[in-house]
file coords.pdb (PDB, C-alpha atoms)
ATOM      1  CA  MET Z   1     -26.014  36.192  33.796  1.00  0.00           C
ATOM      2  CA  LYS Z   2     -24.982  32.528  33.388  1.00  0.00           C
ATOM      3  CA  LEU Z   3     -23.502  33.297  29.938  1.00  0.00           C
ATOM      4  CA  LEU Z   4     -21.339  36.066  31.395  1.00  0.00           C
ATOM      5  CA  ILE Z   5     -20.041  33.754  34.127  1.00  0.00           C
ATOM      6  CA  VAL Z   6     -19.185  31.075  31.562  1.00  0.00           C
ATOM      7  CA  ALA Z   7     -17.437  33.662  29.367  1.00  0.00           C
ATOM      8  CA  VAL Z   8     -15.331  34.982  32.255  1.00  0.00           C
ATOM      9  CA  ALA Z   9     -14.449  31.443  33.393  1.00  0.00           C
ATOM     10  CA  ALA Z  10     -13.457  30.388  29.866  1.00  0.00           C
ATOM     11  CA  THR Z  11     -11.254  33.461  29.491  1.00  0.00           C
ATOM     12  CA  ALA Z  12      -9.614  32.952  32.878  1.00  0.00           C
ATOM     13  CA  LEU Z  13      -8.874  29.309  32.070  1.00  0.00           C
ATOM     14  CA  GLY Z  14      -7.306  30.230  28.716  1.00  0.00           C
ATOM     15  CA  PHE Z  15      -9.899  28.713  26.375  1.00  0.00           C
ATOM     16  CA  GLY Z  16      -9.697  31.696  23.989  1.00  0.00           C
ATOM     17  CA  GLY Z  17     -12.497  33.758  22.548  1.00  0.00           C
ATOM     18  CA  PHE Z  18     -14.369  36.428  24.456  1.00  0.00           C
ATOM     19  CA  GLY Z  19     -11.622  38.975  23.935  1.00  0.00           C
ATOM     20  CA  SER Z  20      -8.683  36.892  25.143  1.00  0.00           C
ATOM     21  CA  PRO Z  21      -5.687  36.438  22.833  1.00  0.00           C
ATOM     22  CA  ALA Z  22      -6.000  33.355  20.668  1.00  0.00           C
ATOM     23  CA  GLN Z  23      -3.580  30.527  21.294  1.00  0.00           C
ATOM     24  CA  LYS Z  24      -0.900  30.339  18.603  1.00  0.00           C
ATOM     25  CA  LEU Z  25      -0.752  27.215  16.510  1.00  0.00           C
ATOM     26  CA  PRO Z  26       2.672  25.682  15.716  1.00  0.00           C
ATOM     27  CA  TRP Z  27       3.058  27.312  12.287  1.00  0.00           C
ATOM     28  CA  GLN Z  28       1.998  30.767  13.469  1.00  0.00           C
ATOM     29  CA  THR Z  29       5.324  32.333  14.322  1.00  0.00           C
ATOM     30  CA  SER Z  30       6.263  35.888  15.272  1.00  0.00           C
ATOM     31  CA  GLY Z  31       2.765  36.758  16.405  1.00  0.00           C
ATOM     32  CA  SER Z  32       1.068  36.418  13.026  1.00  0.00           C
ATOM     33  CA  PRO Z  33      -2.317  34.688  13.331  1.00  0.00           C
ATOM     34  CA  ASN Z  34      -2.464  34.418   9.528  1.00  0.00           C
ATOM     35  CA  ALA Z  35       0.925  32.814   8.954  1.00  0.00           C
ATOM     36  CA  PRO Z  36       0.771  30.589   5.875  1.00  0.00           C
ATOM     37  CA  MET Z  37       0.768  26.837   6.306  1.00  0.00           C
ATOM     38  CA  VAL Z  38       2.731  26.387   3.051  1.00  0.00           C
ATOM     39  CA  ARG Z  39       5.099  28.936   1.478  1.00  0.00           C
ATOM     40  CA  PHE Z  40       6.447  29.167  -2.058  1.00  0.00           C
ATOM     41  CA  LEU Z  41      10.196  29.595  -1.566  1.00  0.00           C
ATOM     42  CA  TYR Z  42      11.800  29.842  -5.009  1.00  0.00           C
ATOM     43  CA  PRO Z  43      12.615  30.301  -7.895  1.00  0.00           C
ATOM     44  CA  GLN Z  44      11.298  33.751  -8.657  1.00  0.00           C
ATOM     45  CA  GLN Z  45      13.055  33.718 -12.023  1.00  0.00           C
ATOM     46  CA  VAL Z  46      14.621  31.096 -14.280  1.00  0.00           C
ATOM     47  CA  GLN Z  47      16.630  31.249 -17.491  1.00  0.00           C
ATOM     48  CA  VAL Z  48      15.984  28.576 -20.097  1.00  0.00           C
ATOM     49  CA  GLN Z  49      17.077  27.878 -23.637  1.00  0.00           C
ATOM     50  CA  ALA Z  50      14.369  29.030 -26.075  1.00  0.00           C
ATOM     51  CA  GLY Z  51      12.514  26.184 -27.798  1.00  0.00           C
ATOM     52  CA  LYS Z  52      14.128  23.456 -25.649  1.00  0.00           C
ATOM     53  CA  PRO Z  53      12.433  21.466 -22.864  1.00  0.00           C
ATOM     54  CA  ALA Z  54      13.381  22.726 -19.398  1.00  0.00           C
ATOM     55  CA  LEU Z  55      12.503  21.614 -15.894  1.00  0.00           C
ATOM     56  CA  VAL Z  56      11.539  24.372 -13.456  1.00  0.00           C
ATOM     57  CA  GLU Z  57      11.870  23.107  -9.885  1.00  0.00           C
ATOM     58  CA  MET Z  58       9.583  24.984  -7.502  1.00  0.00           C
ATOM     59  CA  HIS Z  59      10.398  24.724  -3.809  1.00  0.00           C
ATOM     60  CA  PHE Z  60       7.749  24.891  -1.092  1.00  0.00           C
ATOM     61  CA  ARG Z  61       8.015  24.716   2.695  1.00  0.00           C
ATOM     62  CA  ILE Z  62       5.305  23.169   4.842  1.00  0.00           C
ATOM     63  CA  ALA Z  63       5.106  24.713   8.299  1.00  0.00           C
ATOM     64  CA  LYS Z  64       6.499  22.741  11.211  1.00  0.00           C
ATOM     65  CA  GLY Z  65       3.895  20.563  12.883  1.00  0.00           C
ATOM     66  CA  LEU Z  66       1.820  20.196   9.716  1.00  0.00           C
ATOM     67  CA  HIS Z  67       1.565  17.733   6.869  1.00  0.00           C
ATOM     68  CA  ILE Z  68      -0.295  17.994   3.564  1.00  0.00           C
ATOM     69  CA  ASN Z  69      -1.788  15.187   1.533  1.00  0.00           C
ATOM     70  CA  SER Z  70       0.456  14.073  -1.301  1.00  0.00           C
ATOM     71  CA  HIS Z  71      -0.442  14.377  -4.979  1.00  0.00           C
ATOM     72  CA  THR Z  72      -1.508  10.727  -4.816  1.00  0.00           C
ATOM     73  CA  PRO Z  73      -3.337  10.231  -1.495  1.00  0.00           C
ATOM     74  CA  LEU Z  74      -4.138   6.664  -0.529  1.00  0.00           C
ATOM     75  CA  GLN Z  75      -7.810   7.447   0.154  1.00  0.00           C
ATOM     76  CA  LYS Z  76      -9.991   8.902  -2.601  1.00  0.00           C
ATOM     77  CA  SER Z  77     -11.831  11.104  -0.089  1.00  0.00           C
ATOM     78  CA  LEU Z  78      -8.681  13.110   0.740  1.00  0.00           C
ATOM     79  CA  ILE Z  79      -7.847  16.332  -1.088  1.00  0.00           C
ATOM     80  CA  ARG Z  80      -4.648  15.893  -3.068  1.00  0.00           C
ATOM     81  CA  THR Z  81      -1.952  18.492  -3.515  1.00  0.00           C
ATOM     82  CA  ASP Z  82      -2.048  19.895  -7.026  1.00  0.00           C
ATOM     83  CA  LEU Z  83      -0.424  22.644  -9.066  1.00  0.00           C
ATOM     84  CA  ASN Z  84      -2.684  24.732 -11.249  1.00  0.00           C
ATOM     85  CA  ALA Z  85      -0.587  26.874 -13.596  1.00  0.00           C
ATOM     86  CA  ALA Z  86      -1.631  28.910 -16.593  1.00  0.00           C
ATOM     87  CA  ALA Z  87       0.801  28.861 -19.492  1.00  0.00           C
ATOM     88  CA  PRO Z  88       1.051  32.346 -21.000  1.00  0.00           C
ATOM     89  CA  ALA Z  89       1.428  32.834 -24.738  1.00  0.00           C
ATOM     90  CA  GLY Z  90       4.828  31.504 -25.778  1.00  0.00           C
ATOM     91  CA  VAL Z  91       5.073  28.858 -23.049  1.00  0.00           C
ATOM     92  CA  LYS Z  92       3.902  25.261 -23.083  1.00  0.00           C
ATOM     93  CA  ILE Z  93       3.651  23.290 -19.836  1.00  0.00           C
ATOM     94  CA  SER Z  94       3.983  19.629 -20.788  1.00  0.00           C
ATOM     95  CA  ALA Z  95       4.062  17.981 -17.364  1.00  0.00           C
ATOM     96  CA  VAL Z  96       4.059  18.592 -13.623  1.00  0.00           C
ATOM     97  CA  ARG Z  97       5.995  16.182 -11.419  1.00  0.00           C
ATOM     98  CA  PHE Z  98       5.338  15.703  -7.726  1.00  0.00           C
ATOM     99  CA  PRO Z  99       7.549  13.883  -5.247  1.00  0.00           C
ATOM    100  CA  ALA Z 100       6.439  10.584  -3.779  1.00  0.00           C
ATOM    101  CA  GLY Z 101       4.533  10.951  -0.536  1.00  0.00           C
ATOM    102  CA  THR Z 102       5.853   9.699   2.766  1.00  0.00           C
ATOM    103  CA  PRO Z 103       3.821   7.050   4.613  1.00  0.00           C
ATOM    104  CA  PHE Z 104       2.248   8.473   7.749  1.00  0.00           C
ATOM    105  CA  ALA Z 105      -0.213   7.290  10.394  1.00  0.00           C
ATOM    106  CA  LEU Z 106      -1.973   9.189  13.141  1.00  0.00           C
ATOM    107  CA  ALA Z 107      -1.505   7.848  16.671  1.00  0.00           C
ATOM    108  CA  ALA Z 108      -5.272   7.344  16.974  1.00  0.00           C
ATOM    109  CA  PHE Z 109      -5.362   5.183  13.804  1.00  0.00           C
ATOM    110  CA  PRO Z 110      -1.955   3.475  13.506  1.00  0.00           C
ATOM    111  CA  SER Z 111      -3.104   0.926  10.909  1.00  0.00           C
ATOM    112  CA  GLU Z 112      -4.586   3.581   8.581  1.00  0.00           C
ATOM    113  CA  LYS Z 113      -1.746   4.863   6.405  1.00  0.00           C
ATOM    114  CA  LEU Z 114      -1.682   8.246   4.678  1.00  0.00           C
ATOM    115  CA  SER Z 115       0.616   9.565   1.940  1.00  0.00           C
ATOM    116  CA  VAL Z 116       1.817  13.030   2.951  1.00  0.00           C
ATOM    117  CA  TYR Z 117       4.413  15.734   2.452  1.00  0.00           C
ATOM    118  CA  THR Z 118       6.227  17.485   5.306  1.00  0.00           C
ATOM    119  CA  GLY Z 119       9.097  19.951   5.463  1.00  0.00           C
ATOM    120  CA  GLU Z 120      10.325  21.107   2.054  1.00  0.00           C
ATOM    121  CA  ILE Z 121       9.032  19.662  -1.207  1.00  0.00           C
ATOM    122  CA  VAL Z 122      10.039  20.248  -4.812  1.00  0.00           C
ATOM    123  CA  VAL Z 123       7.453  20.251  -7.600  1.00  0.00           C
ATOM    124  CA  GLY Z 124       8.851  20.081 -11.125  1.00  0.00           C
ATOM    125  CA  MET Z 125       7.187  21.779 -14.076  1.00  0.00           C
ATOM    126  CA  GLN Z 126       8.351  20.732 -17.555  1.00  0.00           C
ATOM    127  CA  ILE Z 127       8.126  23.693 -19.952  1.00  0.00           C
ATOM    128  CA  VAL Z 128       9.127  24.810 -23.424  1.00  0.00           C
ATOM    129  CA  ALA Z 129       9.312  28.575 -23.911  1.00  0.00           C
ATOM    130  CA  GLN Z 130       9.705  30.749 -26.984  1.00  0.00           C
ATOM    131  CA  ARG Z 131      12.329  33.487 -26.899  1.00  0.00           C
ATOM    132  CA  GLY Z 132      11.427  36.315 -24.523  1.00  0.00           C
ATOM    133  CA  ASN Z 133      10.228  36.954 -20.989  1.00  0.00           C
ATOM    134  CA  HIS Z 134       7.158  35.084 -19.765  1.00  0.00           C
ATOM    135  CA  LEU Z 135       5.403  35.154 -16.404  1.00  0.00           C
ATOM    136  CA  VAL Z 136       4.050  31.733 -15.441  1.00  0.00           C
ATOM    137  CA  GLN Z 137       1.502  32.113 -12.666  1.00  0.00           C
ATOM    138  CA  GLY Z 138      -0.520  29.603 -10.751  1.00  0.00           C
ATOM    139  CA  ALA Z 139      -1.217  28.173  -7.334  1.00  0.00           C
ATOM    140  CA  LEU Z 140      -0.365  25.128  -5.302  1.00  0.00           C
ATOM    141  CA  ARG Z 141      -3.629  23.764  -3.893  1.00  0.00           C
ATOM    142  CA  TYR Z 142      -3.299  21.731  -0.713  1.00  0.00           C
ATOM    143  CA  GLN Z 143      -5.035  20.650   2.447  1.00  0.00           C
ATOM    144  CA  ALA Z 144      -2.944  20.917   5.587  1.00  0.00           C
ATOM    145  CA  CYS Z 145      -3.466  18.923   8.764  1.00  0.00           C
ATOM    146  CA  ASP Z 146      -1.863  18.716  12.160  1.00  0.00           C
ATOM    147  CA  MET Z 147      -2.124  15.755  14.510  1.00  0.00           C
ATOM    148  CA  ASN Z 148      -5.720  16.653  15.448  1.00  0.00           C
ATOM    149  CA  THR Z 149      -7.333  18.675  12.680  1.00  0.00           C
ATOM    150  CA  CYS Z 150      -7.475  19.028   8.922  1.00  0.00           C
ATOM    151  CA  PHE Z 151      -7.950  22.604   7.793  1.00  0.00           C
ATOM    152  CA  PRO Z 152      -9.921  23.849   4.781  1.00  0.00           C
ATOM    153  CA  PRO Z 153      -8.065  23.621   1.461  1.00  0.00           C
ATOM    154  CA  HIS Z 154      -5.845  26.584   0.594  1.00  0.00           C
ATOM    155  CA  ASN Z 155      -3.964  27.916  -2.420  1.00  0.00           C
ATOM    156  CA  VAL Z 156      -0.488  29.387  -2.264  1.00  0.00           C
ATOM    157  CA  PRO Z 157       0.275  31.667  -5.235  1.00  0.00           C
ATOM    158  CA  VAL Z 158       3.201  30.818  -7.499  1.00  0.00           C
ATOM    159  CA  ALA Z 159       4.835  33.178  -9.993  1.00  0.00           C
ATOM    160  CA  VAL Z 160       7.974  32.392 -11.956  1.00  0.00           C
ATOM    161  CA  ASP Z 161       9.489  34.761 -14.493  1.00  0.00           C
ATOM    162  CA  VAL Z 162      10.777  32.573 -17.351  1.00  0.00           C
ATOM    163  CA  ILE Z 163      13.502  34.176 -19.445  1.00  0.00           C
ATOM    164  CA  ALA Z 164      14.025  32.209 -22.654  1.00  0.00           C
ATOM    165  CA  GLN Z 165      17.149  33.041 -24.690  1.00  0.00           C
TER
END
call {"tool": "encode", "arguments": {"input": "coords.pdb", "output": "structure tokens"}}
result
Amino acid sequence: MKLLIVAVAATALGFGGFGSPAQKLPWQTSGSPNAPMVRFLYPQQVQVQAGKPALVEMHFRIAKGLHINSHTPLQKSLIRTDLNAAAPAGVKISAVRFPAGTPFALAAFPSEKLSVYTGEIVVGMQIVAQRGNHLVQGALRYQACDMNTCFPPHNVPVAVDVIAQ
């Protein structure tokens, strides 16, 4: 009986669970409880010169209210943002370039600096492709945090059709 009273009180006060609608977090727009924290924006397709080095710039958007650790976090214990891409036959990935992180501190720990990304970031992938169409697939691995919580690491899929002429 006590459990039922606690459940009803929690629901009435808006603490979620027990059948009440969950509170939306800042990045969960238009009613979607599974809205991604980071989205791959573009390009879907690029044209490059066959046999010549080319830079493919992949654009990602981090949801408002969130930050992700940079590729070079200041603390070794933090999970860095990384791009894992498989080069199909006919494509060589020679380097991946990440932007510099922005210094950031939580209000609770103002002297403890973090290196993070917010908003839109561009990750560059240096490739050389043989003549033809090639699908380069991979994932951006990141750990997103808001001002109170860090969430489990996620992967956002990336697919770029490389047309080498």
call {"tool": "residues_around", "arguments": {"input": "coords.pdb", "residues": "Gln137 (chain Z)", "least_positions_apart": "5", "cutoff": "8 Å", "atoms": "only C-alpha atoms", "output": "VMD selection string"}}
result
chain Z and resid 85 to 87 157 to 160
call {"tool": "atom_distance", "arguments": {"input": "coords.pdb", "atom1": "CA of Met125 (chain Z)", "atom2": "CA of Arg97 (chain Z)"}}
result
6.3 Å
call {"tool": "closest_residue", "arguments": {"input": "coords.pdb", "among": "Z:Ala100, Z:Leu41, Z:Leu106, Z:Val91", "to": "Val136 (chain Z)", "atoms": "all atoms listed in the file"}}
result
Z:Val91
call {"tool": "closest_residue", "arguments": {"input": "coords.pdb", "among": "Z:Met147, Z:Ala54, Z:Ile62, Z:Val116", "to": "Val38 (chain Z)", "atoms": "only C-alpha atoms"}}
result
Z:Ile62
call {"tool": "residues_around", "arguments": {"input": "coords.pdb", "residues": "Asp82 (chain Z)", "least_positions_apart": "2", "cutoff": "9 Å", "atoms": "all atoms listed in the file", "output": "NGL selection string"}}
result
:Z and (70-71 or 80 or 84 or 98 or 139-142)
call {"tool": "write_last_selection", "arguments": {"input": "coords.pdb", "atoms": "C-alpha atoms", "output": "PDB file, in the coordinates of the input"}}
result
ATOM      1  CA  SER Z  70       0.456  14.073  -1.301  1.00  0.00           C
ATOM      2  CA  HIS Z  71      -0.442  14.377  -4.979  1.00  0.00           C
ATOM      3  CA  ARG Z  80      -4.648  15.893  -3.068  1.00  0.00           C
ATOM      4  CA  ASN Z  84      -2.684  24.732 -11.249  1.00  0.00           C
ATOM      5  CA  PHE Z  98       5.338  15.703  -7.726  1.00  0.00           C
ATOM      6  CA  ALA Z 139      -1.217  28.173  -7.334  1.00  0.00           C
ATOM      7  CA  LEU Z 140      -0.365  25.128  -5.302  1.00  0.00           C
ATOM      8  CA  ARG Z 141      -3.629  23.764  -3.893  1.00  0.00           C
ATOM      9  CA  TYR Z 142      -3.299  21.731  -0.713  1.00  0.00           C
TER      10      TYR Z 142
END
call {"tool": "atom_distance", "arguments": {"input": "coords.pdb", "atom1": "CA of Gly132 (chain Z)", "atom2": "CA of Tyr42 (chain Z)"}}
result
20.6 Å
call {"tool": "resolve_selection", "arguments": {"input": "coords.pdb", "expression": "the PyMOL selection byres ((chain Z and resi 121) around 9)", "output": "list in words"}}
result
Met58, His59, Phe60, Arg61, Ile62, Phe98, Pro99, Tyr117, Thr118, Gly119, Glu120, Val122 and Val123 of chain Z
call {"tool": "resolve_selection", "arguments": {"input": "coords.pdb", "expression": "the PyMOL selection byres ((chain Z and resi 51) around 9)", "output": "count of residues only"}}
result
11
call {"tool": "resolve_selection", "arguments": {"input": "coords.pdb", "expression": "the PyMOL selection byres ((chain Z and resi 46) around 6)", "output": "number ranges by chain"}}
result
Z: 45, 47, 162
call {"tool": "closest_residue", "arguments": {"input": "coords.pdb", "among": "Z:Ile93, Z:Met37, Z:Val56, Z:Leu114", "to": "Asp161 (chain Z)", "atoms": "all atoms listed in the file"}}
result
Z:Val56
call {"tool": "closest_residue", "arguments": {"input": "coords.pdb", "among": "Z:Gln143, Z:Pro88, Z:Ile163, Z:Gln44", "to": "His67 (chain Z)", "atoms": "only C-alpha atoms"}}
result
Z:Gln143
